[in-house]
Structures are given as structure tokens and as C-alpha cells.
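A.B. asks: Here you go, final.cif (mmCIF, C-alpha atoms):
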data_coords
loop_
_atom_site.group_PDB
_atom_site.id
_atom_site.type_symbol
_atom_site.label_atom_id
_atom_site.label_comp_id
_atom_site.auth_asym_id
_atom_site.auth_seq_id
_atom_site.Cartn_x
_atom_site.Cartn_y
_atom_site.Cartn_z
ATOM 1 C CA MET A 369 12.730 -58.471 -50.797
ATOM 2 C CA LYS A 370 11.157 -55.060 -51.165
ATOM 3 C CA ALA A 371 8.182 -56.154 -49.054
ATOM 4 C CA LYS A 372 10.526 -57.297 -46.299
ATOM 5 C CA SER A 373 12.417 -53.998 -46.388
ATOM 6 C CA LEU A 374 9.144 -52.116 -45.931
ATOM 7 C CA LEU A 375 7.904 -54.435 -43.194
ATOM 8 C CA LEU A 376 11.009 -54.212 -41.008
ATOM 9 C CA PRO A 377 10.654 -50.492 -40.169
ATOM 10 C CA LEU A 378 7.012 -51.063 -39.251
ATOM 11 C CA ILE A 379 7.930 -53.895 -36.889
ATOM 12 C CA LEU A 380 10.693 -51.856 -35.304
ATOM 13 C CA SER A 381 8.437 -48.837 -34.827
ATOM 14 C CA SER A 382 5.799 -51.026 -33.188
ATOM 15 C CA VAL A 383 8.349 -52.563 -30.829
ATOM 16 C CA LEU A 384 9.686 -49.149 -29.894
ATOM 17 C CA ALA A 385 6.200 -47.790 -29.301
ATOM 18 C CA VAL A 386 5.307 -50.666 -26.982
ATOM 19 C CA SER A 387 8.632 -50.547 -25.147
ATOM 20 C CA SER A 388 8.231 -46.819 -24.554
ATOM 21 C CA ALA A 389 4.697 -47.204 -23.194
ATOM 22 C CA TRP A 390 6.098 -47.835 -19.756
ATOM 23 C CA ALA A 391 3.298 -46.471 -17.598
ATOM 24 C CA ALA A 392 1.804 -49.942 -17.281
ATOM 25 C CA ASP A 393 4.485 -51.112 -14.833
ATOM 26 C CA ASP A 394 2.147 -53.423 -12.927
ATOM 27 C CA HIS A 395 3.666 -56.868 -13.323
ATOM 28 C CA GLY A 396 2.073 -58.406 -10.267
ATOM 29 C CA GLY A 397 5.178 -58.089 -8.144
ATOM 30 C CA GLU A 398 6.258 -55.648 -5.474
ATOM 31 C CA VAL A 399 6.261 -52.031 -6.602
ATOM 32 C CA LYS A 400 9.061 -49.773 -5.445
ATOM 33 C CA PRO A 401 7.694 -46.229 -5.010
ATOM 34 C CA GLU A 402 9.267 -43.515 -7.130
ATOM 35 C CA PRO A 403 9.096 -39.808 -6.143
ATOM 36 C CA TYR A 404 6.525 -37.621 -7.859
ATOM 37 C CA ALA A 405 7.741 -34.654 -9.875
ATOM 38 C CA VAL A 406 5.669 -32.009 -11.644
ATOM 39 C CA GLY A 407 5.037 -33.051 -15.222
ATOM 40 C CA LYS A 408 6.171 -36.632 -14.647
ATOM 41 C CA THR A 409 3.929 -39.269 -16.184
ATOM 42 C CA LEU A 410 2.169 -41.230 -13.464
ATOM 43 C CA THR A 411 3.155 -44.879 -13.263
ATOM 44 C CA LYS A 412 2.166 -47.388 -10.603
ATOM 45 C CA ALA A 413 5.490 -46.743 -8.898
ATOM 46 C CA VAL A 414 4.960 -42.975 -8.856
ATOM 47 C CA GLN A 415 1.348 -43.337 -7.727
ATOM 48 C CA ALA A 416 2.516 -45.569 -4.884
ATOM 49 C CA SER A 417 4.590 -42.708 -3.462
ATOM 50 C CA ILE A 418 1.667 -40.248 -3.360
ATOM 51 C CA THR A 419 -0.336 -39.886 -0.147
ATOM 52 C CA PRO A 420 -3.909 -38.538 -0.091
ATOM 53 C CA GLU A 421 -2.583 -35.315 1.423
ATOM 54 C CA GLN A 422 0.064 -34.991 -1.269
ATOM 55 C CA ALA A 423 -2.528 -35.599 -3.987
ATOM 56 C CA ILE A 424 -4.498 -32.593 -2.736
ATOM 57 C CA SER A 425 -1.308 -30.544 -2.525
ATOM 58 C CA ILE A 426 -0.427 -31.430 -6.127
ATOM 59 C CA LEU A 427 -3.832 -30.187 -7.266
ATOM 60 C CA LYS A 428 -3.489 -26.991 -5.235
ATOM 61 C CA ASN A 429 -0.089 -26.284 -6.756
ATOM 62 C CA GLY A 430 -1.428 -27.012 -10.226
ATOM 63 C CA ASN A 431 -4.264 -24.551 -9.758
ATOM 64 C CA ALA A 432 -1.815 -21.949 -8.493
ATOM 65 C CA ARG A 433 0.111 -22.307 -11.753
ATOM 66 C CA PHE A 434 -3.086 -22.148 -13.804
ATOM 67 C CA SER A 435 -4.612 -19.128 -12.068
ATOM 68 C CA SER A 436 -1.344 -17.165 -12.165
ATOM 69 C CA GLY A 437 -0.866 -17.710 -15.893
ATOM 70 C CA LYS A 438 2.152 -19.982 -15.351
ATOM 71 C CA ALA A 439 0.581 -23.298 -16.298
ATOM 72 C CA LEU A 440 2.947 -25.924 -17.653
ATOM 73 C CA ALA A 441 2.227 -27.173 -21.165
ATOM 74 C CA PRO A 442 1.995 -30.993 -21.056
ATOM 75 C CA ASP A 443 3.643 -33.002 -23.799
ATOM 76 C CA TYR A 444 0.402 -34.736 -24.769
ATOM 77 C CA LYS A 445 1.960 -36.860 -27.497
ATOM 78 C CA LYS A 446 4.570 -38.207 -25.098
ATOM 79 C CA GLN A 447 1.949 -38.833 -22.411
ATOM 80 C CA VAL A 448 -0.263 -40.712 -24.855
ATOM 81 C CA THR A 449 2.618 -43.082 -25.565
ATOM 82 C CA GLN A 450 3.652 -43.446 -21.944
ATOM 83 C CA THR A 451 0.132 -44.215 -20.692
ATOM 84 C CA ALA A 452 -0.891 -46.460 -23.579
ATOM 85 C CA LEU A 453 -0.732 -49.659 -21.531
ATOM 86 C CA GLY A 454 -2.065 -48.432 -18.218
ATOM 87 C CA GLN A 455 -3.285 -45.550 -16.073
ATOM 88 C CA TYR A 456 -2.520 -44.595 -12.469
ATOM 89 C CA PRO A 457 -4.190 -41.223 -11.759
ATOM 90 C CA LEU A 458 -3.531 -39.445 -8.471
ATOM 91 C CA ALA A 459 -7.083 -38.169 -7.876
ATOM 92 C CA SER A 460 -10.703 -38.297 -9.003
ATOM 93 C CA VAL A 461 -12.765 -35.155 -9.576
ATOM 94 C CA VAL A 462 -16.545 -34.856 -9.520
ATOM 95 C CA ALA A 463 -17.164 -31.739 -11.600
ATOM 96 C CA CYS A 464 -19.899 -29.854 -13.421
ATOM 97 C CA ILE A 465 -20.158 -30.070 -17.212
ATOM 98 C CA ASP A 466 -19.550 -26.309 -17.359
ATOM 99 C CA SER A 467 -17.215 -25.521 -20.252
ATOM 100 C CA ARG A 468 -15.147 -23.151 -18.117
ATOM 101 C CA SER A 469 -14.191 -25.588 -15.379
ATOM 102 C CA ALA A 470 -12.480 -28.599 -16.969
ATOM 103 C CA PRO A 471 -10.528 -30.243 -14.101
ATOM 104 C CA GLU A 472 -7.463 -31.130 -16.162
ATOM 105 C CA LEU A 473 -7.068 -27.458 -17.102
ATOM 106 C CA VAL A 474 -8.062 -25.949 -13.751
ATOM 107 C CA PHE A 475 -5.528 -28.157 -11.948
ATOM 108 C CA ASN A 476 -2.921 -28.017 -14.741
ATOM 109 C CA GLN A 477 -2.736 -31.787 -15.106
ATOM 110 C CA GLY A 478 -2.054 -33.959 -18.122
ATOM 111 C CA ILE A 479 -3.129 -37.248 -19.670
ATOM 112 C CA GLY A 480 -3.301 -40.046 -17.118
ATOM 113 C CA ASP A 481 -3.318 -37.733 -14.083
ATOM 114 C CA LEU A 482 -7.024 -37.491 -13.186
ATOM 115 C CA PHE A 483 -10.202 -39.516 -13.264
ATOM 116 C CA THR A 484 -13.082 -37.136 -13.954
ATOM 117 C CA THR A 485 -16.816 -37.629 -13.718
ATOM 118 C CA ARG A 486 -18.897 -34.660 -14.870
ATOM 119 C CA VAL A 487 -22.573 -33.806 -14.702
ATOM 120 C CA ALA A 488 -24.470 -30.532 -14.440
ATOM 121 C CA GLY A 489 -24.410 -29.437 -10.810
ATOM 122 C CA ASN A 490 -21.517 -31.759 -9.810
ATOM 123 C CA THR A 491 -23.747 -34.207 -7.962
ATOM 124 C CA VAL A 492 -23.502 -38.012 -7.843
ATOM 125 C CA ASN A 493 -25.663 -41.035 -8.552
ATOM 126 C CA GLU A 494 -25.066 -44.791 -8.320
ATOM 127 C CA ASP A 495 -23.229 -44.960 -11.657
ATOM 128 C CA MET A 496 -20.876 -42.155 -10.696
ATOM 129 C CA LEU A 497 -20.287 -43.646 -7.262
ATOM 130 C CA GLY A 498 -19.425 -46.954 -8.906
ATOM 131 C CA SER A 499 -16.943 -45.129 -11.104
ATOM 132 C CA LEU A 500 -15.372 -43.450 -8.067
ATOM 133 C CA GLU A 501 -15.161 -46.787 -6.265
ATOM 134 C CA TYR A 502 -13.326 -48.288 -9.232
ATOM 135 C CA ALA A 503 -10.980 -45.307 -9.381
ATOM 136 C CA ALA A 504 -10.075 -45.552 -5.695
ATOM 137 C CA LYS A 505 -10.320 -49.241 -4.842
ATOM 138 C CA VAL A 506 -9.054 -50.740 -8.082
ATOM 139 C CA ALA A 507 -6.988 -48.072 -9.834
ATOM 140 C CA GLY A 508 -5.442 -46.477 -6.729
ATOM 141 C CA SER A 509 -6.682 -42.873 -6.949
ATOM 142 C CA ARG A 510 -5.678 -41.132 -3.713
ATOM 143 C CA ALA A 511 -8.323 -38.405 -3.399
ATOM 144 C CA ILE A 512 -11.831 -37.465 -4.449
ATOM 145 C CA VAL A 513 -12.532 -33.786 -5.071
ATOM 146 C CA VAL A 514 -16.076 -32.492 -5.494
ATOM 147 C CA LEU A 515 -15.499 -29.374 -7.591
ATOM 148 C CA GLY A 516 -18.260 -26.787 -7.765
ATOM 149 C CA HIS A 517 -17.941 -23.429 -9.466
ATOM 150 C CA THR A 518 -19.278 -19.912 -9.279
ATOM 151 C CA SER A 519 -22.129 -18.750 -11.513
ATOM 152 C CA CYS A 520 -23.325 -22.325 -12.068
ATOM 153 C CA GLY A 521 -26.234 -22.601 -14.490
ATOM 154 C CA ALA A 522 -27.497 -25.832 -12.947
ATOM 155 C CA ILE A 523 -27.537 -24.268 -9.497
ATOM 156 C CA LYS A 524 -29.414 -21.263 -10.868
ATOM 157 C CA GLY A 525 -31.933 -23.609 -12.469
ATOM 158 C CA ALA A 526 -32.485 -25.366 -9.155
ATOM 159 C CA CYS A 527 -32.856 -22.013 -7.384
ATOM 160 C CA ASP A 528 -35.615 -21.122 -9.856
ATOM 161 C CA ASN A 529 -37.178 -24.605 -9.646
ATOM 162 C CA VAL A 530 -36.875 -25.064 -13.416
ATOM 163 C CA LYS A 531 -38.833 -27.912 -15.008
ATOM 164 C CA MET A 532 -37.596 -29.067 -18.421
ATOM 165 C CA GLY A 533 -37.490 -32.624 -19.708
ATOM 166 C CA ASN A 534 -34.845 -34.856 -18.186
ATOM 167 C CA LEU A 535 -33.241 -31.820 -16.574
ATOM 168 C CA THR A 536 -36.112 -31.792 -14.075
ATOM 169 C CA GLY A 537 -34.936 -34.963 -12.345
ATOM 170 C CA LEU A 538 -31.330 -33.783 -12.281
ATOM 171 C CA LEU A 539 -32.176 -30.437 -10.702
ATOM 172 C CA GLU A 540 -34.256 -32.195 -8.053
ATOM 173 C CA LYS A 541 -31.001 -33.692 -6.767
ATOM 174 C CA LEU A 542 -29.798 -30.145 -6.055
ATOM 175 C CA MET A 543 -32.904 -29.073 -4.162
ATOM 176 C CA PRO A 544 -31.642 -30.174 -0.719
ATOM 177 C CA ALA A 545 -28.890 -27.562 -1.112
ATOM 178 C CA VAL A 546 -31.431 -24.937 -2.157
ATOM 179 C CA ASN A 547 -33.558 -25.680 0.889
ATOM 180 C CA ALA A 548 -30.584 -25.692 3.260
ATOM 181 C CA ALA A 549 -28.996 -22.420 2.097
ATOM 182 C CA GLN A 550 -29.412 -19.618 4.645
ATOM 183 C CA THR A 551 -29.444 -16.335 2.729
ATOM 184 C CA SER A 552 -31.470 -13.184 3.182
ATOM 185 C CA GLY A 553 -33.376 -11.680 0.279
ATOM 186 C CA GLU A 554 -34.854 -13.371 -2.766
ATOM 187 C CA ARG A 555 -34.400 -17.127 -3.001
ATOM 188 C CA ASN A 556 -33.908 -17.284 -6.749
ATOM 189 C CA SER A 557 -31.180 -16.859 -9.364
ATOM 190 C CA HIS A 558 -31.405 -13.058 -9.219
ATOM 191 C CA ASN A 559 -29.842 -13.174 -5.763
ATOM 192 C CA HIS A 560 -26.159 -13.878 -6.507
ATOM 193 C CA GLU A 561 -25.298 -14.444 -2.849
ATOM 194 C CA PHE A 562 -28.052 -17.033 -2.604
ATOM 195 C CA VAL A 563 -26.843 -18.807 -5.751
ATOM 196 C CA GLN A 564 -23.297 -18.969 -4.395
ATOM 197 C CA ASN A 565 -24.449 -20.228 -1.005
ATOM 198 C CA VAL A 566 -26.452 -22.963 -2.697
ATOM 199 C CA ALA A 567 -23.423 -23.916 -4.812
ATOM 200 C CA GLU A 568 -21.257 -24.211 -1.702
ATOM 201 C CA MET A 569 -23.919 -26.151 0.172
ATOM 202 C CA ASN A 570 -24.288 -28.509 -2.788
ATOM 203 C CA VAL A 571 -20.555 -29.274 -2.750
ATOM 204 C CA GLN A 572 -20.629 -30.007 0.978
ATOM 205 C CA GLN A 573 -23.734 -32.173 0.664
ATOM 206 C CA THR A 574 -22.245 -34.100 -2.249
ATOM 207 C CA VAL A 575 -19.115 -34.847 -0.213
ATOM 208 C CA GLU A 576 -21.336 -36.253 2.542
ATOM 209 C CA LYS A 577 -23.492 -38.084 0.016
ATOM 210 C CA ILE A 578 -20.415 -39.920 -1.271
ATOM 211 C CA ARG A 579 -19.612 -41.075 2.258
ATOM 212 C CA GLN A 580 -23.196 -42.075 2.993
ATOM 213 C CA MET A 581 -23.923 -43.851 -0.279
ATOM 214 C CA SER A 582 -20.585 -45.648 -0.669
ATOM 215 C CA PRO A 583 -19.451 -47.820 2.262
ATOM 216 C CA ILE A 584 -16.368 -48.682 0.222
ATOM 217 C CA LEU A 585 -15.207 -45.080 -0.089
ATOM 218 C CA LYS A 586 -16.196 -44.227 3.482
ATOM 219 C CA GLU A 587 -14.102 -47.107 4.802
ATOM 220 C CA MET A 588 -11.143 -46.175 2.616
ATOM 221 C CA GLU A 589 -11.261 -42.623 3.939
ATOM 222 C CA GLU A 590 -11.486 -43.829 7.548
ATOM 223 C CA GLN A 591 -8.440 -46.016 6.913
ATOM 224 C CA GLY A 592 -6.509 -43.034 5.544
ATOM 225 C CA LYS A 593 -6.235 -44.495 2.060
ATOM 226 C CA ILE A 594 -8.089 -41.598 0.413
ATOM 227 C CA LYS A 595 -9.383 -38.120 1.213
ATOM 228 C CA ILE A 596 -12.794 -36.823 0.129
ATOM 229 C CA VAL A 597 -12.891 -33.032 -0.046
ATOM 230 C CA GLY A 598 -14.877 -30.188 -1.542
ATOM 231 C CA ALA A 599 -13.626 -27.281 -3.621
ATOM 232 C CA MET A 600 -15.009 -24.276 -5.494
ATOM 233 C CA TYR A 601 -13.667 -22.902 -8.770
ATOM 234 C CA ASN A 602 -14.007 -19.162 -9.320
ATOM 235 C CA THR A 603 -14.829 -18.544 -12.983
ATOM 236 C CA SER A 604 -13.734 -14.914 -12.715
ATOM 237 C CA ASN A 605 -10.122 -15.471 -11.628
ATOM 238 C CA GLY A 606 -9.362 -19.162 -12.131
ATOM 239 C CA GLN A 607 -8.710 -19.826 -8.458
ATOM 240 C CA VAL A 608 -9.937 -22.829 -6.482
ATOM 241 C CA SER A 609 -10.877 -22.524 -2.814
ATOM 242 C CA TRP A 610 -11.016 -25.639 -0.634
ATOM 243 C CA TYR A 611 -13.358 -26.917 2.103
#
Written as C-alpha cells, how would this file's structure read?

C.D. replies:
Amino acid sequence: MKAKSLLLPLILSSVLAVSSAWAADDHGGEVKPEPYAVGKTLTKAVQASITPEQAISILKNGNARFSSGKALAPDYKKQVTQTALGQYPLASVVACIDSRSAPELVFNQGIGDLFTTRVAGNTVNEDMLGSLEYAAKVAGSRAIVVLGHTSCGAIKGACDNVKMGNLTGLLEKLMPAVNAAQTSGERNSHNHEFVQNVAEMNVQQTVEKIRQMSPILKEMEEQGKIKIVGAMYNTSNGQVSWY
């Protein structure tokens, strides 16, 4: 009898936890779009109401909150429960590994809001492109943002043609941006204008690389199902500028 009395609360708590994990509202039937609201956990119904343009606008508004010191504090515990059975992010972000530029923080988003793929220098390879294709084609992400940032160590390394272990191959992927940057003066990391120009060029080239290397994403953008854009995070003031 005592064992049963202990077991019942556990069963009830499990049932409640599953019933409250309502983000996985994909039952194979027609989904009725529900309006997005700031801080609202993304479900399939909410995601269905978001256009590519609105996805970008949501990120812009989130960064405005973040950079002005008015960021909303997500209820992470609640979001963990509500996204336990599924995820329907509004956008994907290709970002650098830089510790100062975490997309979820920069855009003031919570659990289940963003797909993120991060590598030094915010470039892409086949594995990352496959991840982005899954995010857009399968999971319904509405936008892809290539997010560079100021004072990027990887960009500086490429500007100085650094050779070091496996980093060598990674930095070689950034060299087309180094070669394309048009800046007077020294073409190395001591020239801050040059470094920034290379960072911006790298973002623009990565956006084009995504289109060129992924027919799936290129077609989705041409059909208006997604937008692929570039952006630059300023590590000195927290603001994101857009291309």
C-alpha cells in the first residue's frame, strides 16, 4: 500500500510533465497558425505564422532590447518543459565561436527559438550546410543569418596568414575575403580598418557561398520560403548591423 502511495505522485507528475510539453503540436494534420508574441514559446502553429521577413524583424527587435539593456529574461525552466517534445525555431544563425557573440544572447532569444551553427570565422562547410538544410527544409526555420563580429580573432589570424595545426585549413577558408578586401595601408591585423573590411567581406561571401553550395537553400530563398542575410555584431556596444 505504501509503495502504491509513493508511485501515484510519480505517475501524476510524469503525466503532467508530458501534457505540458505542448510545443510538439505536429500531429500530421493541418496546422492553424497562431500569432507570434515576444517571449512566447515557439510551436509549429506559431512558427507557421512567421514569414521570413518577420523572422528577421524579430531578431532585430531582440537585439534592440539586448543592446539597450532591456533584454527580457526567458523562463528557461518553463521553456525546457514546453519544448521537450519538439522544436520549431524561427531562424538559423551561422556565427563565430567568439565568447562575446552568442546568438541567443545577442538576439535576446530563448530555448527553442534559434538553430545555431558556430565555427571560428563564421564560415560554412558541407556539414554546416547540411545542418542548415535540415533546419530550413525539415524543421521550418524561416531565415538564415550569417553573423560576423568586430575584432574577430579568426579574421585577424587570416589577415596575418597564421599557420597552426588544424587552424591552418580553417583560416584558408577566410582567405578569399582577405584577398578581396580593398583597404589602404598595411594588410595585416595591425590595420583595424582592414580587419573590419575583411570581416564584412567574409560575411557577404559566406552568404553567397550558402546559395552557391546549397541548391536546396537557394531554391527555398527564390521561392520566398526563407531569407539568407548577413549581419555584423559590434562587440563594443552590443548592436547588430544588417546587410

A.B. asks: What does the distance between atom CA of Met600 of chain A and atom CA of Thr518 of chain A come to in Å, to one decimal place?

C.D. replies: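 Spanning atom CA of Met600 of chain A to atom CA of Thr518 of chain A is a straight-line distance of 7.2 Å.
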
A.B. asks: Once the PyMOL selection byres ((chain A and resi 467) around 12) has been applied to the shown file, what residues remain in the selection, as a list in words?

C.D. replies: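 On the file shown, the PyMOL selection byres ((chain A and resi 467) around 12) covers Ala463, Cys464, Ile465, Asp466, Arg468, Ser469, Ala470, Pro471, Glu472, Leu473, Val474, Arg486, Val487, Ala488, His517, Cys520, Gly521 and Thr603 of chain A.
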
A.B. asks: Point out the residue among A:Ser604, A:Ser582, A:Asn559, A:Gln455 with the least atom-to-atom distance to Val506 of chain A, counting only C-alpha atoms.

C.D. replies: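 Once distances to Val506 of chain A are computed over only C-alpha atoms, the minimum belongs to A:Gln455.
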
A.B. asks: Need the shell around segment 401-409 of chain A: protein/DNA/RNA residues with any atom at most 12 Å away, counting all atoms listed in the file. Skip same-chain ones fewer than 5 positions apart. Format as a tab-separated table (two decimals) with C-alpha atoms, in the frame of the given file?

C.D. replies:
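This is the output file part_35.tsv:
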chain	number	residue	atom	x	y	z
A	389	ALA	CA	4.70	-47.20	-23.19
A	390	TRP	CA	6.10	-47.84	-19.76
A	391	ALA	CA	3.30	-46.47	-17.60
A	392	ALA	CA	1.80	-49.94	-17.28
A	393	ASP	CA	4.49	-51.11	-14.83
A	414	VAL	CA	4.96	-42.98	-8.86
A	415	GLN	CA	1.35	-43.34	-7.73
A	416	ALA	CA	2.52	-45.57	-4.88
A	417	SER	CA	4.59	-42.71	-3.46
A	418	ILE	CA	1.67	-40.25	-3.36
A	419	THR	CA	-0.34	-39.89	-0.15
A	422	GLN	CA	0.06	-34.99	-1.27
A	423	ALA	CA	-2.53	-35.60	-3.99
A	425	SER	CA	-1.31	-30.54	-2.52
A	426	ILE	CA	-0.43	-31.43	-6.13
A	427	LEU	CA	-3.83	-30.19	-7.27
A	429	ASN	CA	-0.09	-26.28	-6.76
A	430	GLY	CA	-1.43	-27.01	-10.23
A	433	ARG	CA	0.11	-22.31	-11.75
A	439	ALA	CA	0.58	-23.30	-16.30
A	440	LEU	CA	2.95	-25.92	-17.65
A	441	ALA	CA	2.23	-27.17	-21.16
A	442	PRO	CA	2.00	-30.99	-21.06
A	443	ASP	CA	3.64	-33.00	-23.80
A	444	TYR	CA	0.40	-34.74	-24.77
A	445	LYS	CA	1.96	-36.86	-27.50
A	446	LYS	CA	4.57	-38.21	-25.10
A	447	GLN	CA	1.95	-38.83	-22.41
A	448	VAL	CA	-0.26	-40.71	-24.86
A	449	THR	CA	2.62	-43.08	-25.56
A	450	GLN	CA	3.65	-43.45	-21.94
A	451	THR	CA	0.13	-44.22	-20.69
A	452	ALA	CA	-0.89	-46.46	-23.58
A	454	GLY	CA	-2.06	-48.43	-18.22
A	455	GLN	CA	-3.28	-45.55	-16.07
A	456	TYR	CA	-2.52	-44.60	-12.47
A	457	PRO	CA	-4.19	-41.22	-11.76
A	458	LEU	CA	-3.53	-39.44	-8.47
A	475	PHE	CA	-5.53	-28.16	-11.95
A	476	ASN	CA	-2.92	-28.02	-14.74
A	477	GLN	CA	-2.74	-31.79	-15.11
A	478	GLY	CA	-2.05	-33.96	-18.12
A	479	ILE	CA	-3.13	-37.25	-19.67
A	480	GLY	CA	-3.30	-40.05	-17.12
A	481	ASP	CA	-3.32	-37.73	-14.08
A	482	LEU	CA	-7.02	-37.49	-13.19

A.B. asks: Give me the residues near segment 527-538 of chain A as a PyMOL selection string, where near means some atom within 9 Å (using only C-alpha atoms) and where sequence neighbours in that chain fewer than 4 positions away do not count.

C.D. replies: chain A and resi 488-489+491+522-523+542-543+546+555-557+562-563+566

A.B. asks: From the list A:Ala545, A:Gly606, A:Tyr611, A:Ala511, which residue is nearest Lys438 of chain A when using only C-alpha atoms?

C.D. replies: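 Distance minimum relative to Lys438 of chain A lands on A:Gly606.
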
A.B. asks: Using all atoms listed in the file, find the one residue out of A:Val513, A:Leu453, A:Val399, A:Ala526 that sits nearest to Leu500 of chain A.

C.D. replies: A:Val513

A.B. asks: Mind telling me what the PyMOL selection byres ((chain A and resi 498) around 12) catches here, as a list in words?

C.D. replies: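 Applied to this file, the PyMOL selection byres ((chain A and resi 498) around 12) selects Thr485, Val492, Asn493, Glu494, Asp495, Met496, Leu497, Ser499, Leu500, Glu501, Tyr502, Ala503, Ala504, Lys505, Val506, Ile578, Met581, Ser582, Pro583, Ile584 and Leu585 of chain A.
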
A.B. asks: Give the padded box for segment 424-433 of chain A as AutoDock Vina command-line options: axis-aligned, covering all atoms listed in the file, 5 Å on each side, centre and edge lengths in Å to one decimal.

C.D. replies:
--center_x -2.2 --center_y -27.3 --center_z -7.1 --size_x 14.6 --size_y 20.6 --size_z 19.2

A.B. asks: Could you please determine the separation between atom CA of Val597 of chain A and atom CA of Lys428 of chain A in Å, to one decimal place?

C.D. replies: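 Going from atom CA of Val597 of chain A over to atom CA of Lys428 of chain A, I get 12.3 Å.
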
A.B. asks: Could you check how far atom CA of Ile594 of chain A sits from atom CA of Pro420 of chain A, in Å to one decimal?

C.D. replies: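 We find that atom CA of Ile594 of chain A and atom CA of Pro420 of chain A lie 5.2 Å from each other.
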
A.B. asks: For each of A:Gly525, A:Met588, A:His558, A:Ser519, take the minimum atom-to-atom distance to Glu540 of chain A, counting only C-alpha atoms, then give the residue where this is smallest.

C.D. replies: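 Closest to Glu540 of chain A of all the choices is A:Gly525.
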
A.B. asks: Which is closest to Lys524 of chain A among A:Lys541, A:His560, A:Lys400, A:Arg510, if we use all atoms listed in the file?

C.D. replies: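 Residue with the minimum atom-to-atom distance to Lys524 of chain A: A:His560.
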
A.B. asks: Counting all atoms listed in the file, which of A:Ala459, A:Val514, A:Val608, A:Ala599 gets nearest to Lys577 of chain A?

C.D. replies: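 Under the stated criterion, the closest residue is A:Val514.
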